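What's in input24.tsv: TSV, C-alpha atoms
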chain	number	residue	atom	x	y	z
A	964	MET	CA	0.00	0.00	0.00
A	965	GLU	CA	1.18	3.51	-0.69
A	966	PRO	CA	2.57	5.40	2.31
A	967	LEU	CA	-0.38	7.12	3.94
A	968	ALA	CA	1.76	10.15	4.75
A	969	GLU	CA	1.48	11.15	1.12
A	970	VAL	CA	-2.30	11.30	1.27
A	971	PRO	CA	-3.55	14.80	2.01
A	972	LEU	CA	-6.42	14.22	4.42
A	973	PHE	CA	-7.84	17.67	4.88
A	974	GLU	CA	-9.97	16.92	7.87
A	975	MET	CA	-10.03	13.96	10.19
A	976	ASP	CA	-11.54	13.57	13.62
A	977	GLN	CA	-9.63	11.32	15.94
A	978	ASP	CA	-12.36	8.79	16.64
A	979	GLU	CA	-14.44	6.35	14.70
A	980	GLU	CA	-18.16	6.94	14.67
A	981	GLU	CA	-19.49	6.09	18.12
A	982	ASP	CA	-22.66	4.25	18.95
A	983	GLY	CA	-23.56	7.10	21.28
A	984	LEU	CA	-26.43	9.17	19.99
A	985	SER	CA	-27.60	12.08	22.07
A	986	MET	CA	-30.63	14.30	21.79
A	987	LYS	CA	-28.53	17.45	21.45
A	988	SER	CA	-30.06	20.83	22.07
A	989	ARG	CA	-29.19	23.54	19.60
A	990	GLY	CA	-31.48	26.30	20.69
A	991	ALA	CA	-33.92	27.69	18.18
A	992	CYS	CA	-34.22	25.38	15.18
A	993	ALA	CA	-35.25	26.47	11.73
A	994	TYR	CA	-36.52	23.11	10.54
A	995	ALA	CA	-40.22	22.44	10.26
A	996	ARG	CA	-42.03	20.50	12.97
A	997	HIS	CA	-45.31	20.16	11.11
A	998	SER	CA	-46.80	16.79	11.90
A	999	LEU	CA	-49.35	15.42	9.49
A	1000	VAL	CA	-52.79	14.67	10.93
A	1001	PRO	CA	-54.07	11.32	9.61
A	1002	PRO	CA	-57.06	11.74	7.28
A	1003	ALA	CA	-60.36	10.32	8.46
A	1004	GLY	CA	-60.63	6.58	7.88
A	1005	THR	CA	-56.87	5.94	7.76
A	1006	ASP	CA	-54.74	4.06	10.28
A	1007	PRO	CA	-53.12	6.68	12.56
A	1008	ASP	CA	-50.22	4.28	13.21
A	1009	ALA	CA	-49.09	4.72	9.62
A	1010	PHE	CA	-48.04	8.32	10.38
A	1011	ILE	CA	-46.08	7.74	13.61
A	1012	TYR	CA	-42.63	7.32	12.07
A	1013	MET	CA	-43.17	9.97	9.43
A	1014	ASN	CA	-44.11	12.56	12.07
A	1015	PHE	CA	-41.14	11.47	14.20
A	1016	MET	CA	-38.78	12.24	11.31
A	1017	LYS	CA	-40.50	15.56	10.65
A	1018	SER	CA	-39.98	16.58	14.28
A	1019	HIS	CA	-36.23	15.90	14.39
A	1020	SER	CA	-33.41	17.63	12.56
A	1021	CYS	CA	-30.33	16.27	10.84
A	1022	TYR	CA	-28.31	17.80	13.68
A	1023	ASP	CA	-30.07	15.46	16.12
A	1024	ALA	CA	-28.73	12.42	14.25
A	1025	ILE	CA	-25.10	13.58	14.09
A	1026	PRO	CA	-22.96	11.46	16.46
A	1027	THR	CA	-21.01	13.10	19.25
A	1028	SER	CA	-17.79	11.75	17.69
A	1029	SER	CA	-17.16	10.60	14.14
A	1030	LYS	CA	-14.49	10.38	11.45
A	1031	LEU	CA	-14.57	12.57	8.38
A	1032	VAL	CA	-12.05	12.31	5.54
A	1033	ILE	CA	-11.91	14.99	2.84
A	1034	PHE	CA	-9.98	14.78	-0.45
A	1035	ASP	CA	-8.65	17.53	-2.66
A	1036	THR	CA	-9.61	16.95	-6.30
A	1037	THR	CA	-5.93	17.03	-7.30
A	1038	LEU	CA	-5.22	13.84	-5.33
A	1039	GLN	CA	-4.47	10.71	-7.36
A	1040	VAL	CA	-7.44	8.35	-7.58
A	1041	LYS	CA	-5.39	5.36	-6.44
A	1042	LYS	CA	-4.19	7.10	-3.28
A	1043	ALA	CA	-7.72	8.25	-2.52
A	1044	PHE	CA	-9.09	4.72	-2.63
A	1045	PHE	CA	-6.23	3.44	-0.49
A	1046	ALA	CA	-7.08	6.18	2.02
A	1047	LEU	CA	-10.75	5.13	2.10
A	1048	VAL	CA	-9.66	1.59	2.98
A	1049	ALA	CA	-7.07	2.67	5.54
A	1050	ASN	CA	-9.55	4.91	7.36
A	1051	GLY	CA	-12.50	2.53	7.18
A	1052	VAL	CA	-14.80	4.99	5.40
A	1053	ARG	CA	-16.86	4.45	2.28
A	1054	ALA	CA	-16.99	7.95	0.85
A	1055	ALA	CA	-15.32	11.33	1.12
A	1056	PRO	CA	-16.39	14.87	0.16
A	1057	LEU	CA	-14.27	16.46	-2.57
A	1058	TRP	CA	-12.78	19.93	-2.15
A	1059	ASP	CA	-11.90	21.99	-5.21
A	1060	ASN	CA	-9.22	24.47	-4.16
A	1061	LYS	CA	-9.74	26.55	-7.31
A	1062	LEU	CA	-13.45	27.00	-6.71
A	1063	LYS	CA	-13.02	27.08	-2.92
A	1064	CYS	CA	-15.98	24.79	-2.33
A	1065	PHE	CA	-17.07	21.17	-2.12
A	1066	VAL	CA	-17.92	19.81	-5.56
A	1067	GLY	CA	-18.95	16.21	-5.01
A	1068	MET	CA	-18.26	12.90	-3.32
A	1069	LEU	CA	-15.77	10.14	-4.06
A	1070	THR	CA	-17.36	6.77	-3.31
A	1071	ILE	CA	-16.81	3.08	-3.83
A	1072	THR	CA	-19.08	3.40	-6.87
A	1073	ASP	CA	-16.34	5.45	-8.55
A	1074	PHE	CA	-13.83	2.67	-7.90
A	1075	ILE	CA	-16.22	0.12	-9.41
A	1076	ASN	CA	-16.88	2.28	-12.46
A	1077	ILE	CA	-13.15	2.81	-13.07
A	1078	LEU	CA	-12.39	-0.91	-12.81
A	1079	HIS	CA	-15.33	-1.86	-15.02
A	1080	ARG	CA	-14.58	0.73	-17.69
A	1081	TYR	CA	-10.82	0.28	-18.02
A	1082	TYR	CA	-10.02	-3.32	-17.02
A	1083	LYS	CA	-8.69	-5.43	-19.90
A	1084	SER	CA	-6.80	-8.37	-18.45
A	1085	PRO	CA	-4.55	-9.30	-15.52
A	1086	LEU	CA	-1.54	-8.57	-17.74
A	1087	VAL	CA	-2.54	-5.00	-18.59
A	1088	GLN	CA	-2.08	-2.27	-16.00
A	1089	ILE	CA	-5.11	-0.06	-15.37
A	1090	TYR	CA	-3.41	3.23	-16.25
A	1091	GLU	CA	-6.46	5.33	-15.42
A	1092	LEU	CA	-6.48	4.03	-11.84
A	1093	GLU	CA	-2.73	4.30	-11.40
A	1094	GLU	CA	-2.21	7.80	-12.82
A	1095	HIS	CA	-5.44	9.80	-12.99
A	1096	LYS	CA	-6.28	12.51	-10.49
A	1097	ILE	CA	-9.77	12.75	-9.04
A	1098	GLU	CA	-10.50	15.87	-11.10
A	1099	THR	CA	-9.52	14.02	-14.30
A	1100	TRP	CA	-11.86	11.15	-13.50
A	1101	ARG	CA	-14.72	13.54	-12.75
A	1102	GLU	CA	-14.24	15.33	-16.07
A	1103	ILE	CA	-14.25	12.05	-18.00
A	1104	TYR	CA	-17.07	10.33	-16.16
A	1105	LEU	CA	-19.39	13.21	-15.40
A	1106	HIS	CA	-18.69	15.20	-18.60
A	1107	SER	CA	-19.87	18.21	-16.65
A	1108	ILE	CA	-19.61	19.33	-13.05
A	1109	ASN	CA	-22.64	18.09	-11.16
A	1110	LYS	CA	-23.83	20.11	-8.20
A	1111	LEU	CA	-23.13	18.48	-4.84
A	1112	ILE	CA	-26.32	17.27	-3.20
A	1113	SER	CA	-26.23	18.26	0.47
A	1114	ILE	CA	-28.43	19.33	3.34
A	1115	THR	CA	-28.17	21.74	6.27
A	1116	PRO	CA	-28.16	20.59	9.92
A	1117	ASP	CA	-31.45	22.37	10.63
A	1118	CYS	CA	-33.38	20.49	7.94
A	1119	SER	CA	-35.63	17.71	9.18
A	1120	LEU	CA	-34.71	14.04	8.93
A	1121	PHE	CA	-37.79	13.68	6.75
A	1122	ASP	CA	-36.19	16.07	4.25
A	1123	ALA	CA	-32.96	14.06	4.43
A	1124	ILE	CA	-34.77	10.79	3.68
A	1125	TYR	CA	-36.60	12.42	0.80
A	1126	SER	CA	-33.33	13.71	-0.66
A	1127	LEU	CA	-31.56	10.35	-0.28
A	1128	LEU	CA	-34.32	8.38	-1.99
A	1129	LYS	CA	-35.24	10.97	-4.61
A	1130	ASN	CA	-31.64	11.33	-5.79
A	1131	LYS	CA	-30.90	7.60	-5.36
A	1132	ILE	CA	-27.83	8.31	-3.26
A	1133	HIS	CA	-26.56	6.57	-0.13
A	1134	ARG	CA	-24.63	9.44	1.45
A	1135	LEU	CA	-25.81	12.97	2.13
A	1136	PRO	CA	-23.29	15.58	3.39
A	1137	VAL	CA	-24.58	17.78	6.18
A	1138	ILE	CA	-23.04	21.23	5.54
A	1139	ASP	CA	-23.08	24.17	7.91
A	1140	PRO	CA	-24.42	27.08	5.82
A	1141	ALA	CA	-22.51	29.62	7.92
A	1142	SER	CA	-19.02	28.13	7.65
A	1143	GLY	CA	-19.43	25.90	4.61
A	1144	ASN	CA	-17.88	23.01	6.55
A	1145	VAL	CA	-19.05	19.43	6.20
A	1146	LEU	CA	-20.26	18.32	9.63
A	1147	HIS	CA	-21.23	14.73	8.90
A	1148	ILE	CA	-22.18	12.30	6.13
A	1149	LEU	CA	-25.75	11.21	6.76
A	1150	THR	CA	-26.76	7.71	5.60
A	1151	HIS	CA	-29.81	5.46	5.56
A	1152	LYS	CA	-28.15	3.36	8.26
A	1153	ARG	CA	-27.56	6.32	10.54
A	1154	ILE	CA	-31.18	7.47	10.23
A	1155	LEU	CA	-32.60	4.01	10.94
A	1156	LYS	CA	-30.26	3.68	13.93
A	1157	PHE	CA	-31.54	7.01	15.26
A	1158	LEU	CA	-35.11	5.78	14.88
A	1159	HIS	CA	-34.28	2.42	16.44
A	1160	ILE	CA	-32.73	4.04	19.55
A	1161	PHE	CA	-35.19	6.85	20.13
A	1162	GLY	CA	-38.24	5.08	18.72
A	1163	SER	CA	-38.99	3.88	22.23
A	1164	MET	CA	-40.06	7.44	23.00
A	1165	ILE	CA	-43.04	7.15	20.66
A	1166	PRO	CA	-45.94	4.67	20.46
A	1167	LYS	CA	-45.06	1.42	18.71
A	1168	PRO	CA	-47.12	1.08	15.50
A	1169	ARG	CA	-49.26	-2.06	15.41
A	1170	PHE	CA	-48.26	-2.82	11.82
A	1171	LEU	CA	-44.80	-3.81	13.07
A	1172	GLN	CA	-46.32	-7.14	14.07
A	1173	LYS	CA	-47.28	-7.93	10.48
A	1174	ARG	CA	-45.22	-10.46	8.58
A	1175	ILE	CA	-42.94	-9.20	5.84
A	1176	SER	CA	-44.96	-11.24	3.35
A	1177	GLU	CA	-48.06	-9.24	4.33
A	1178	VAL	CA	-46.62	-5.74	4.06
A	1179	ALA	CA	-44.69	-6.45	0.84
A	1180	ILE	CA	-41.77	-4.20	1.77
A	1181	GLY	CA	-38.73	-5.00	-0.36
A	1182	THR	CA	-37.75	-6.09	-3.86
A	1183	PHE	CA	-39.20	-9.43	-4.94
A	1184	LYS	CA	-38.90	-9.44	-8.73
A	1185	GLN	CA	-35.85	-9.57	-10.98
A	1186	ILE	CA	-33.50	-9.97	-8.04
A	1187	ALA	CA	-29.90	-9.37	-9.08
A	1188	THR	CA	-27.71	-12.32	-8.07
A	1189	VAL	CA	-24.36	-13.69	-9.18
A	1190	GLN	CA	-23.25	-17.31	-9.56
A	1191	GLU	CA	-20.30	-18.32	-7.38
A	1192	SER	CA	-18.64	-19.62	-10.55
A	1193	ALA	CA	-18.90	-16.19	-12.24
A	1194	SER	CA	-15.96	-13.77	-12.29
A	1195	VAL	CA	-15.54	-10.64	-10.21
A	1196	TYR	CA	-15.74	-8.65	-13.45
A	1197	ASP	CA	-19.18	-10.22	-14.06
A	1198	ALA	CA	-20.22	-8.95	-10.63
A	1199	LEU	CA	-18.92	-5.45	-11.43
A	1200	THR	CA	-20.98	-5.49	-14.62
A	1201	ILE	CA	-24.12	-6.25	-12.61
A	1202	PHE	CA	-23.27	-3.50	-10.11
A	1203	VAL	CA	-22.93	-0.98	-12.94
A	1204	GLU	CA	-25.86	-2.07	-15.10
A	1205	ARG	CA	-28.39	-2.84	-12.36
A	1206	ARG	CA	-27.22	-0.11	-9.97
A	1207	VAL	CA	-27.44	-2.40	-6.96
A	1208	SER	CA	-25.26	-2.19	-3.87
A	1209	ALA	CA	-24.97	-5.89	-3.03
A	1210	LEU	CA	-25.30	-9.24	-4.78
A	1211	PRO	CA	-26.37	-12.53	-3.22
A	1212	VAL	CA	-23.85	-15.14	-4.37
A	1213	VAL	CA	-25.72	-18.34	-5.26
A	1214	ASN	CA	-24.69	-21.88	-6.14
A	1215	GLU	CA	-25.99	-23.96	-9.02
A	1216	LYS	CA	-29.16	-24.78	-7.05
A	1217	GLY	CA	-29.96	-21.12	-6.45
A	1218	LYS	CA	-29.11	-21.34	-2.75
A	1219	VAL	CA	-27.47	-18.24	-1.31
A	1220	VAL	CA	-23.97	-18.95	-0.02
A	1221	ALA	CA	-22.58	-15.42	0.46
A	1222	LEU	CA	-23.26	-11.74	-0.07
A	1223	TYR	CA	-20.87	-9.63	-2.13
A	1224	SER	CA	-21.31	-5.90	-1.67
A	1225	ARG	CA	-19.81	-2.77	-3.19
A	1226	PHE	CA	-17.76	-2.40	-0.03
A	1227	ASP	CA	-16.12	-5.78	-0.74
A	1228	VAL	CA	-14.89	-4.36	-4.04
A	1229	ILE	CA	-12.86	-1.66	-2.29
A	1230	ASN	CA	-10.94	-4.43	-0.53
A	1231	LEU	CA	-9.44	-5.23	-3.93
A	1232	ALA	CA	-7.51	-2.02	-3.47
A	1233	ALA	CA	-6.38	-3.01	0.01
A	1234	GLN	CA	-5.17	-6.38	-1.25
A	1235	LYS	CA	-3.84	-4.93	-4.51
A	1236	THR	CA	-5.80	-7.55	-6.45
A	1237	TYR	CA	-7.85	-5.12	-8.54
A	1238	ASN	CA	-5.98	-6.26	-11.63
A	1239	HIS	CA	-7.23	-9.85	-11.21
A	1240	LEU	CA	-10.90	-9.44	-11.93
A	1241	ASN	CA	-11.02	-12.81	-13.68
A	1242	MET	CA	-11.03	-14.61	-10.31
A	1243	THR	CA	-14.28	-16.41	-9.48
A	1244	MET	CA	-16.75	-15.14	-6.93
A	1245	ARG	CA	-15.98	-18.23	-4.87
A	1246	GLU	CA	-12.32	-17.16	-4.75
A	1247	ALA	CA	-13.17	-13.51	-4.10
A	1248	VAL	CA	-15.44	-14.36	-1.16
A	1249	ALA	CA	-12.83	-16.72	0.31
A	1250	SER	CA	-10.09	-14.07	0.03
A	1251	ARG	CA	-11.93	-11.32	1.86
A	1252	ALA	CA	-9.63	-9.82	4.46
A	1253	CYS	CA	-12.30	-9.40	7.09
A	1254	CYS	CA	-14.00	-12.28	8.83
A	1255	MET	CA	-17.56	-12.63	7.54
A	1256	GLU	CA	-20.27	-14.27	9.65
A	1257	GLY	CA	-22.27	-15.38	6.66
A	1258	VAL	CA	-25.35	-14.01	4.94
A	1259	LEU	CA	-27.81	-12.08	7.07
A	1260	LYS	CA	-31.17	-13.48	6.04
A	1261	CYS	CA	-34.83	-13.06	6.80
A	1262	TYR	CA	-37.87	-15.22	6.12
A	1263	PRO	CA	-41.38	-14.41	4.84
A	1264	TYR	CA	-42.99	-15.44	8.14
A	1265	GLU	CA	-40.92	-13.00	10.23
A	1266	THR	CA	-42.45	-9.75	11.46
A	1267	LEU	CA	-41.48	-6.29	10.28
A	1268	GLU	CA	-40.32	-5.46	13.81
A	1269	THR	CA	-37.96	-8.47	13.84
A	1270	ILE	CA	-36.47	-7.46	10.51
A	1271	ILE	CA	-35.94	-3.81	11.51
A	1272	ASP	CA	-34.28	-4.92	14.77
A	1273	ARG	CA	-31.98	-7.32	12.91
A	1274	ILE	CA	-30.87	-4.72	10.37
A	1275	ALA	CA	-30.36	-2.03	13.03
A	1276	LYS	CA	-28.41	-4.24	15.46
A	1277	ALA	CA	-26.24	-5.80	12.75
A	1278	GLU	CA	-25.68	-2.36	11.17
A	1279	VAL	CA	-26.13	-3.71	7.66
A	1280	HIS	CA	-27.85	-2.20	4.64
A	1281	ARG	CA	-30.07	-5.11	3.68
A	1282	LEU	CA	-31.28	-8.62	4.45
A	1283	VAL	CA	-31.66	-11.40	1.90
A	1284	LEU	CA	-35.18	-12.82	1.95
A	1285	VAL	CA	-35.02	-16.60	1.49
A	1286	ASP	CA	-37.38	-19.57	1.61
A	1287	SER	CA	-36.92	-22.73	3.69
A	1288	ASP	CA	-34.33	-24.01	1.19
A	1289	ASP	CA	-32.28	-20.79	1.40
A	1290	VAL	CA	-33.20	-19.88	-2.18
A	1291	VAL	CA	-33.26	-16.11	-2.74
A	1292	ARG	CA	-36.79	-14.70	-2.90
A	1293	GLY	CA	-36.15	-11.02	-2.33
A	1294	ILE	CA	-34.10	-8.22	-0.77
A	1295	VAL	CA	-35.27	-6.04	2.12
A	1296	SER	CA	-33.11	-2.91	2.22
A	1297	LEU	CA	-32.86	0.24	4.28
A	1298	SER	CA	-34.24	2.21	1.36
A	1299	ASP	CA	-37.27	-0.07	1.20
A	1300	LEU	CA	-37.94	0.40	4.92
A	1301	LEU	CA	-37.51	4.18	4.89
A	1302	GLN	CA	-39.74	4.49	1.84
A	1303	ALA	CA	-42.50	2.42	3.40
A	1304	LEU	CA	-42.31	3.83	6.92
A	1305	ILE	CA	-41.60	7.51	6.18
A	1306	LEU	CA	-42.36	8.63	2.61
A	1307	THR	CA	-45.30	6.45	1.58
A	1308	PRO	CA	-47.53	7.77	4.42
A	1309	ALA	CA	-46.81	11.26	3.04
A	1310	ASP	CA	-47.94	10.04	-0.38
A	1311	ILE	CA	-44.40	10.36	-1.75
A	1312	TYR	CA	-43.14	7.52	-3.89
A	1313	GLU	CA	-39.45	7.91	-4.74
A	1314	ARG	CA	-38.37	4.29	-4.38
A	1315	SER	CA	-38.38	2.51	-7.71
A	1316	SER	CA	-39.61	-1.07	-7.37
A	1317	CYS	CA	-37.00	-2.28	-9.86
A	1318	CYS	CA	-34.07	-0.69	-8.03
A	1319	GLN	CA	-32.50	-3.09	-5.56
A	1320	ASP	CA	-30.48	-1.37	-2.82

Let me see the file written as structure tokens.
Amino acid sequence: MEPLAEVPLFEMDQDEEEDGLSMKSRGACAYARHSLVPPAGTDPDAFIYMNFMKSHSCYDAIPTSSKLVIFDTTLQVKKAFFALVANGVRAAPLWDNKLKCFVGMLTITDFINILHRYYKSPLVQIYELEEHKIETWREIYLHSINKLISITPDCSLFDAIYSLLKNKIHRLPVIDPASGNVLHILTHKRILKFLHIFGSMIPKPRFLQKRISEVAIGTFKQIATVQESASVYDALTIFVERRVSALPVVNEKGKVVALYSRFDVINLAAQKTYNHLNMTMREAVASRACCMEGVLKCYPYETLETIIDRIAKAEVHRLVLVDSDDVVRGIVSLSDLLQALILTPADIYERSSCCQD
């Protein structure tokens, strides 16, 4: 790995993100606290979580201690991805020193797109990964400078969820409008964790006792999977074309044997094996540096409450829905849950049924 001293990390807090969430007081808040009164004839329970998110700000969900890594756009792409791995983060805001502002995010998706676009064979070096700067990659891939999607700390968590799902993004920078500093990167996982911890302060909706098969929350058609005999490059192709964030790895009988996520791809940088994309998924799963406990699954007969608890406690982004033979029948993701619990009661439908998180 490249010496980390060469990587210009503009901002870094000393601690990893802590579990500790606190209901921080910030004085007068500008965000709206307008709860929606259930229309006559509708189940009032359906609005509990939506109103909870409307009554709390993004600032409330920011941890007391967290790590934030920021890259200058002149940094080499390869060093940036090594820095993501070394610091255990999945994305970093990008600072353009010429424009004196944040211009975007560098994520694992960029690493996947670079590998997929420029990989030729194990014998050919990926020049674009080795030599390009972040600004070069952005010019080639984006063709134009896209505006950074962000939110202010005083906006409600409802607004944050809407922005995440509407823009089909997984990370939303919280930027202080006064200083222009990035305070935190808000994610689906962070929001659900906030709800899971402080949800005990509000009445528990009765629909949580319904089985997942009854509420139909998740993706159940055209599930993207990858055979364990397929290559890593095949998996990258599915990531790019289907825009999914994880793939159940299945054997010849369709039984799920592992889960390969976008985050696993970044480990190719850590292991310097990104030039060997012809390895099989079986080999890639076996070579993962971190110890994996297996596939986190759920079953059609389990309740919505059980599934939310499992996702929140395991701090994962999705569960694989399987039948009694462990054959994949669906995916229940954080996006699916936030759409159903928060946006759908507000009559907002931003979650595409064909988009698997």

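CA of Ile1186 in chain A is found 8.1 Å from CA of Val1291 in chain A.
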
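Going from CA of Ser1163 in chain A to CA of Gly1293 in chain A covers 28.9 Å.
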
Go through range 1172-1192 of chain A and flag each residue having an atom no more than 10 Å from range 1216-1227 of chain A; for those, report the closest pair of atoms plus their distance in Å to one decimal, using all atoms listed in the file, ordered by chain and rising number, as a tab-separated table.
residue	atom	partner	partner_atom	distance
A:Thr1188	CA	A:Val1219	CA	9.0
A:Val1189	CA	A:Tyr1223	CA	8.9
A:Gln1190	CA	A:Gly1217	CA	8.3
A:Glu1191	CA	A:Val1220	CA	8.2

Item checked: Distance query 12 Å from (-32.6, 5.9, 18.2) using all atoms listed in the file, result as JSON, numbers by chain -> {"A": [982, 983, 984, 985, 986, 1012, 1015, 1016, 1019, 1023, 1024, 1025, 1026, 1152, 1153, 1154, 1155, 1156, 1157, 1158, 1159, 1160, 1161, 1162, 1163, 1164, 1165, 1272, 1275, 1276]}

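Interatomic distance, CA of Asp1310 in chain A against CA of Tyr1125 in chain A: 11.6 Å.
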
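Of the listed residues A:Ile1270, A:Ala1193, A:Pro1136, A:Val1052, the one whose atoms come nearest to Thr1243 in chain A is A:Ala1193, with distances taken using all atoms listed in the file.
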
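Of the residues under consideration (A:Thr1307, A:Ser1113, A:Ser1194, A:Asn1144), A:Ser1113 shows the shortest atom-to-atom contact distance to Gly1067 in chain A when counting only C-alpha atoms.
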
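The residue that comes closest to Asp1197 in chain A, out of A:Lys1173, A:His1079, A:Arg1134, A:Lys1096 and on the basis of only C-alpha atoms, is A:His1079.
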
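Here the question is which of A:Ala1141, A:Ala1232, A:Val1285, A:Ala1187 gets nearest to Glu1204 in chain A using only C-alpha atoms, and that residue is A:Ala1187.
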
Check: Pick from A:His1147, A:Lys1017, A:His1280, A:Arg1101: nearest to Pro1056 in chain A, with all atoms listed in the file counted?
Finding: A:His1147

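Residue nearest Ala1303 in chain A within the list A:Ile1097, A:Leu1240, A:Arg1205, A:Leu1171: A:Leu1171 [criterion: smallest interatomic distance, all atoms listed in the file].
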
How would range 1150-1187 of chain A of the given structure read as a file with C-alpha atoms, as a tab-separated table (two decimals), in the first residue's frame?
chain	number	residue	atom	x	y	z
A	1150	THR	CA	-26.76	7.71	5.60
A	1151	HIS	CA	-29.81	5.46	5.56
A	1152	LYS	CA	-28.15	3.36	8.26
A	1153	ARG	CA	-27.56	6.32	10.54
A	1154	ILE	CA	-31.18	7.47	10.23
A	1155	LEU	CA	-32.60	4.01	10.94
A	1156	LYS	CA	-30.26	3.68	13.93
A	1157	PHE	CA	-31.54	7.01	15.26
A	1158	LEU	CA	-35.11	5.78	14.88
A	1159	HIS	CA	-34.28	2.42	16.44
A	1160	ILE	CA	-32.73	4.04	19.55
A	1161	PHE	CA	-35.19	6.85	20.13
A	1162	GLY	CA	-38.24	5.08	18.72
A	1163	SER	CA	-38.99	3.88	22.23
A	1164	MET	CA	-40.06	7.44	23.00
A	1165	ILE	CA	-43.04	7.15	20.66
A	1166	PRO	CA	-45.94	4.67	20.46
A	1167	LYS	CA	-45.06	1.42	18.71
A	1168	PRO	CA	-47.12	1.08	15.50
A	1169	ARG	CA	-49.26	-2.06	15.41
A	1170	PHE	CA	-48.26	-2.82	11.82
A	1171	LEU	CA	-44.80	-3.81	13.07
A	1172	GLN	CA	-46.32	-7.14	14.07
A	1173	LYS	CA	-47.28	-7.93	10.48
A	1174	ARG	CA	-45.22	-10.46	8.58
A	1175	ILE	CA	-42.94	-9.20	5.84
A	1176	SER	CA	-44.96	-11.24	3.35
A	1177	GLU	CA	-48.06	-9.24	4.33
A	1178	VAL	CA	-46.62	-5.74	4.06
A	1179	ALA	CA	-44.69	-6.45	0.84
A	1180	ILE	CA	-41.77	-4.20	1.77
A	1181	GLY	CA	-38.73	-5.00	-0.36
A	1182	THR	CA	-37.75	-6.09	-3.86
A	1183	PHE	CA	-39.20	-9.43	-4.94
A	1184	LYS	CA	-38.90	-9.44	-8.73
A	1185	GLN	CA	-35.85	-9.57	-10.98
A	1186	ILE	CA	-33.50	-9.97	-8.04
A	1187	ALA	CA	-29.90	-9.37	-9.08
